[in-house]
Amino acid sequence: MADIDRDKLRDIYTRTMKVNRTDEKFRALLMEGKVAVMYYCVRGQELVSAAAMAALEDDDYVVCTYRGQGEQTAKGIPIKKWWGECLGKETGTCKGKGGTMHITDPDTGIMVTTGVVGSGLPIANGLAMASQNNGDGRVTLVSFGDGAANIGGFHEAMNMAQLYKLPVIFLCQNNRYGEHTAYADHTDSPDISSRAAGYGMKGIKADGNDVNDIYPAMVEAVEHARSGKGPVLVEAMCYRMMGHFFGADFSYMPEEHIAEMKAEDPLPKLRKVMLEHQFTEDELDSIVAEIDAEIDEAVQHALDAPLPSTDEIYKDVLEETA
Amino acid sequence: MASEIRIPKLGMSAQTVVLNEWMFGDGETVAKGDVIYTVETDKTTVDIEAQAGGVIHPTGEEGATYKVGDIVGTIE
């Protein structure tokens, strides 16, 4: 496998740290009680989102879940609009009416964020079918977790996508827990990616903690889907290093599991790869400092922004009649 | 500048929590990341970490119930 070039590595590192620093900032704001909303932490899954978004074109479509911060920020939603939406302010992507669970920003291809486990897959098929009919060359990527792979909609969407050779990438972020239930307690098959064979579909399993494995896998999947050969199921093995949502207890994770996920933490591993490619510590630190400054400014902008006015309640929600 | 310590939102349905225990007394110095107090929701006990370092002034009472967003102390 050819090495990832330096420009692309810098791009992936920047996206990864953007996801990570956003996550850290969000948890800090929640912890000090400055912000009181639902937030699903993405610590441990930053690289999967970053590598996936780096493999897409800017105008490709993405459907994600409530644990979608990674896809949303790594795809490039303007950060002030993102924070505005999360804090329910009129400066948000949905004028503050969607919140963290329903971030939508068609300008950057974030088409839907769903709060219902597994519901994104059939929606992604619809977007991919539109692209196929319109011949616009876009692919659609839908992200979901291992728990969602047991929902009926998963199987229906997989079958339909393969039947019509839809340009869609099913990205299963297997973080080993479906909400609070360990993988082995909800699934008996050894992995999710092998299920692709049951639909005649291409399946790829990749290490979501290793940039040299996950990024080429995503590129391969995107090329396959864009070329008209049909959908791909990618299973990215990763860890959710926190509870299901901010504030959730995760003492049910066995000690061995916690030790394993700490050893596989994608951030130090990615930093090591960057240093091996002659990036300096200073260069990497300055990328992070720039991201932090941008986030701090965006958070303040969102905190200062007004809530949507009551006149806005029914706008963009119900059809207006004369 | 003093930063307020507010009761965090710890889940979809958590509106109130019980402040269990302060780990530091009035006037003691805390570092960012220290567990400064614990709260109990209807589901679990959660450690709350300081998001700033400084001198802590707890005002919330141990054993009392607080709403999300209530101020229970400051760090300056």
# chains A, B, ... in the order shown; residues from 1 in each chain; ligands from 1
>>> residues_around(residues="segment 54-63 of chain A", least_positions_apart="5", cutoff="10 Å", atoms="only C-alpha atoms", output="NGL selection string")
:A and (8-9 or 11-13 or 15-16 or 48-49 or 68 or 71-72 or 74-76 or 104-114 or 119-121 or 123-124 or 127-128 or 131 or 136-144 or 168-170 or 215-223)
>>> select_by_dssp(residues="segment 13-218 of chain A", states="strand (DSSP E or B)", output="ChimeraX atom specification")
/A:61-65,105,110-114,140-145,168-174,177-178,181-182,202-207
>>> residues_around(residues="segment 39-44 of chain B", least_positions_apart="2", cutoff="8 Å", atoms="only C-alpha atoms", output="ChimeraX atom specification")
/A:248-249 /B:10,14,16-21,37,46-48
>>> interface_residues(of="chain A", to="chain B", cutoff="6 Å", atoms="only C-alpha atoms", output="CSV table (one decimal) with C-alpha atoms, in the first residue's frame")
chain,number,residue,atom,x,y,z
A,30,LEU,CA,-20.9,20.6,30.1
A,31,MET,CA,-18.8,19.8,33.2
A,32,GLU,CA,-18.8,23.3,34.4
A,33,GLY,CA,-22.5,23.6,33.8
A,36,ALA,CA,-26.9,22.1,29.5
A,247,GLY,CA,-22.6,12.1,32.3
>>> residues_around(residues="Met1 of chain B", least_positions_apart="4", cutoff="10 Å", atoms="only C-alpha atoms", output="mmCIF file with C-alpha atoms, in the first residue's frame")
data_model
loop_
_atom_site.group_PDB
_atom_site.id
_atom_site.type_symbol
_atom_site.label_atom_id
_atom_site.label_comp_id
_atom_site.auth_asym_id
_atom_site.auth_seq_id
_atom_site.Cartn_x
_atom_site.Cartn_y
_atom_site.Cartn_z
ATOM 1 C CA GLY B 54 -7.656 28.387 41.602
ATOM 2 C CA THR B 74 -16.908 29.462 42.584
ATOM 3 C CA ILE B 75 -13.257 29.052 41.672
ATOM 4 C CA GLU B 76 -11.118 32.220 41.614
#
>>> closest_residue(among="A:Ser309, A:Thr181, A:Asn20, A:Gln173", to="Glu46 of chain A", atoms="only C-alpha atoms")
A:Asn20
>>> select_by_dssp(residues="segment 15-249 of chain A", states="helix (DSSP H, G or I)", output="PyMOL selection string")
chain A and resi 15-31+46-54+69-75+79-86+100-102+106-108+120-134+147-150+152-163+183-186+193-199+211-226
>>> atom_distance(atom1="atom CA of Leu87 of chain A", atom2="atom CA of His102 of chain A")
12.1 Å
>>> closest_residue(among="B:Gln15, B:Gly73, B:Ala2, B:Lys32", to="Thr59 of chain B", atoms="only C-alpha atoms")
B:Gly73
>>> atom_distance(atom1="atom CA of Gln69 of chain A", atom2="atom CA of Arg43 of chain A")
10.4 Å
>>> residues_around(residues="Val55 of chain B", least_positions_apart="5", cutoff="8 Å", atoms="only C-alpha atoms", output="ChimeraX atom specification")
/B:26-30,75-76
>>> write_last_selection(atoms="N, CA and C atoms", output="PDB file, in the first residue's frame")
ATOM      1  N   ASP B  26     -13.435  25.236  51.732  1.00  0.00           N
ATOM      2  CA  ASP B  26     -13.392  26.648  51.350  1.00  0.00           C
ATOM      3  C   ASP B  26     -11.965  27.197  51.473  1.00  0.00           C
ATOM      4  N   GLY B  27     -11.497  27.837  50.407  1.00  0.00           N
ATOM      5  CA  GLY B  27     -10.168  28.454  50.426  1.00  0.00           C
ATOM      6  C   GLY B  27      -9.045  27.548  49.964  1.00  0.00           C
ATOM      7  N   GLU B  28      -9.347  26.291  49.736  1.00  0.00           N
ATOM      8  CA  GLU B  28      -8.291  25.384  49.259  1.00  0.00           C
ATOM      9  C   GLU B  28      -8.040  25.604  47.766  1.00  0.00           C
ATOM     10  N   THR B  29      -6.835  25.224  47.338  1.00  0.00           N
ATOM     11  CA  THR B  29      -6.470  25.424  45.935  1.00  0.00           C
ATOM     12  C   THR B  29      -6.721  24.140  45.150  1.00  0.00           C
ATOM     13  N   VAL B  30      -7.390  24.299  44.009  1.00  0.00           N
ATOM     14  CA  VAL B  30      -7.644  23.140  43.141  1.00  0.00           C
ATOM     15  C   VAL B  30      -6.949  23.359  41.796  1.00  0.00           C
ATOM     16  N   ILE B  75     -14.711  29.257  41.645  1.00  0.00           N
ATOM     17  CA  ILE B  75     -13.257  29.052  41.672  1.00  0.00           C
ATOM     18  C   ILE B  75     -12.643  30.372  41.219  1.00  0.00           C
ATOM     19  N   GLU B  76     -11.730  30.940  42.045  1.00  0.00           N
ATOM     20  CA  GLU B  76     -11.118  32.220  41.614  1.00  0.00           C
ATOM     21  C   GLU B  76      -9.595  32.138  41.683  1.00  0.00           C
TER      22      GLU B  76
END
>>> residues_around(residues="Gly115 of chain A", least_positions_apart="4", cutoff="8 Å", atoms="only C-alpha atoms", output="list in words")
Thr65, Tyr66, Met101 and His102 of chain A
>>> decode(residues="segment 27-39 of chain B", atoms="N, CA and C atoms", output="compact mmCIF listing (two decimals), in the first residue's frame")
# COMPACT_ATOMS: atom_id res chain seq x y z
N GLY B 27 -11.50 27.84 50.41
CA GLY B 27 -10.17 28.45 50.43
C GLY B 27 -9.05 27.55 49.96
N GLU B 28 -9.35 26.29 49.74
CA GLU B 28 -8.29 25.38 49.26
C GLU B 28 -8.04 25.60 47.77
N THR B 29 -6.84 25.22 47.34
CA THR B 29 -6.47 25.42 45.93
C THR B 29 -6.72 24.14 45.15
N VAL B 30 -7.39 24.30 44.01
CA VAL B 30 -7.64 23.14 43.14
C VAL B 30 -6.95 23.36 41.80
N ALA B 31 -6.64 22.25 41.13
CA ALA B 31 -6.04 22.32 39.79
C ALA B 31 -7.08 21.87 38.78
N LYS B 32 -6.96 22.36 37.55
CA LYS B 32 -7.84 21.93 36.47
C LYS B 32 -7.77 20.41 36.36
N GLY B 33 -8.92 19.77 36.33
CA GLY B 33 -8.95 18.31 36.22
C GLY B 33 -9.16 17.60 37.55
N ASP B 34 -8.97 18.31 38.68
CA ASP B 34 -9.23 17.70 39.99
C ASP B 34 -10.72 17.40 40.13
N VAL B 35 -11.03 16.27 40.77
CA VAL B 35 -12.44 16.02 41.10
C VAL B 35 -12.76 16.92 42.28
N ILE B 36 -13.71 17.85 42.08
CA ILE B 36 -14.01 18.82 43.15
C ILE B 36 -15.25 18.44 43.95
N TYR B 37 -16.19 17.76 43.30
CA TYR B 37 -17.35 17.27 44.05
C TYR B 37 -17.99 16.11 43.30
N THR B 38 -18.85 15.40 43.99
CA THR B 38 -19.57 14.30 43.35
C THR B 38 -21.07 14.57 43.46
N VAL B 39 -21.80 14.13 42.45
CA VAL B 39 -23.25 14.26 42.49
C VAL B 39 -23.89 12.90 42.21
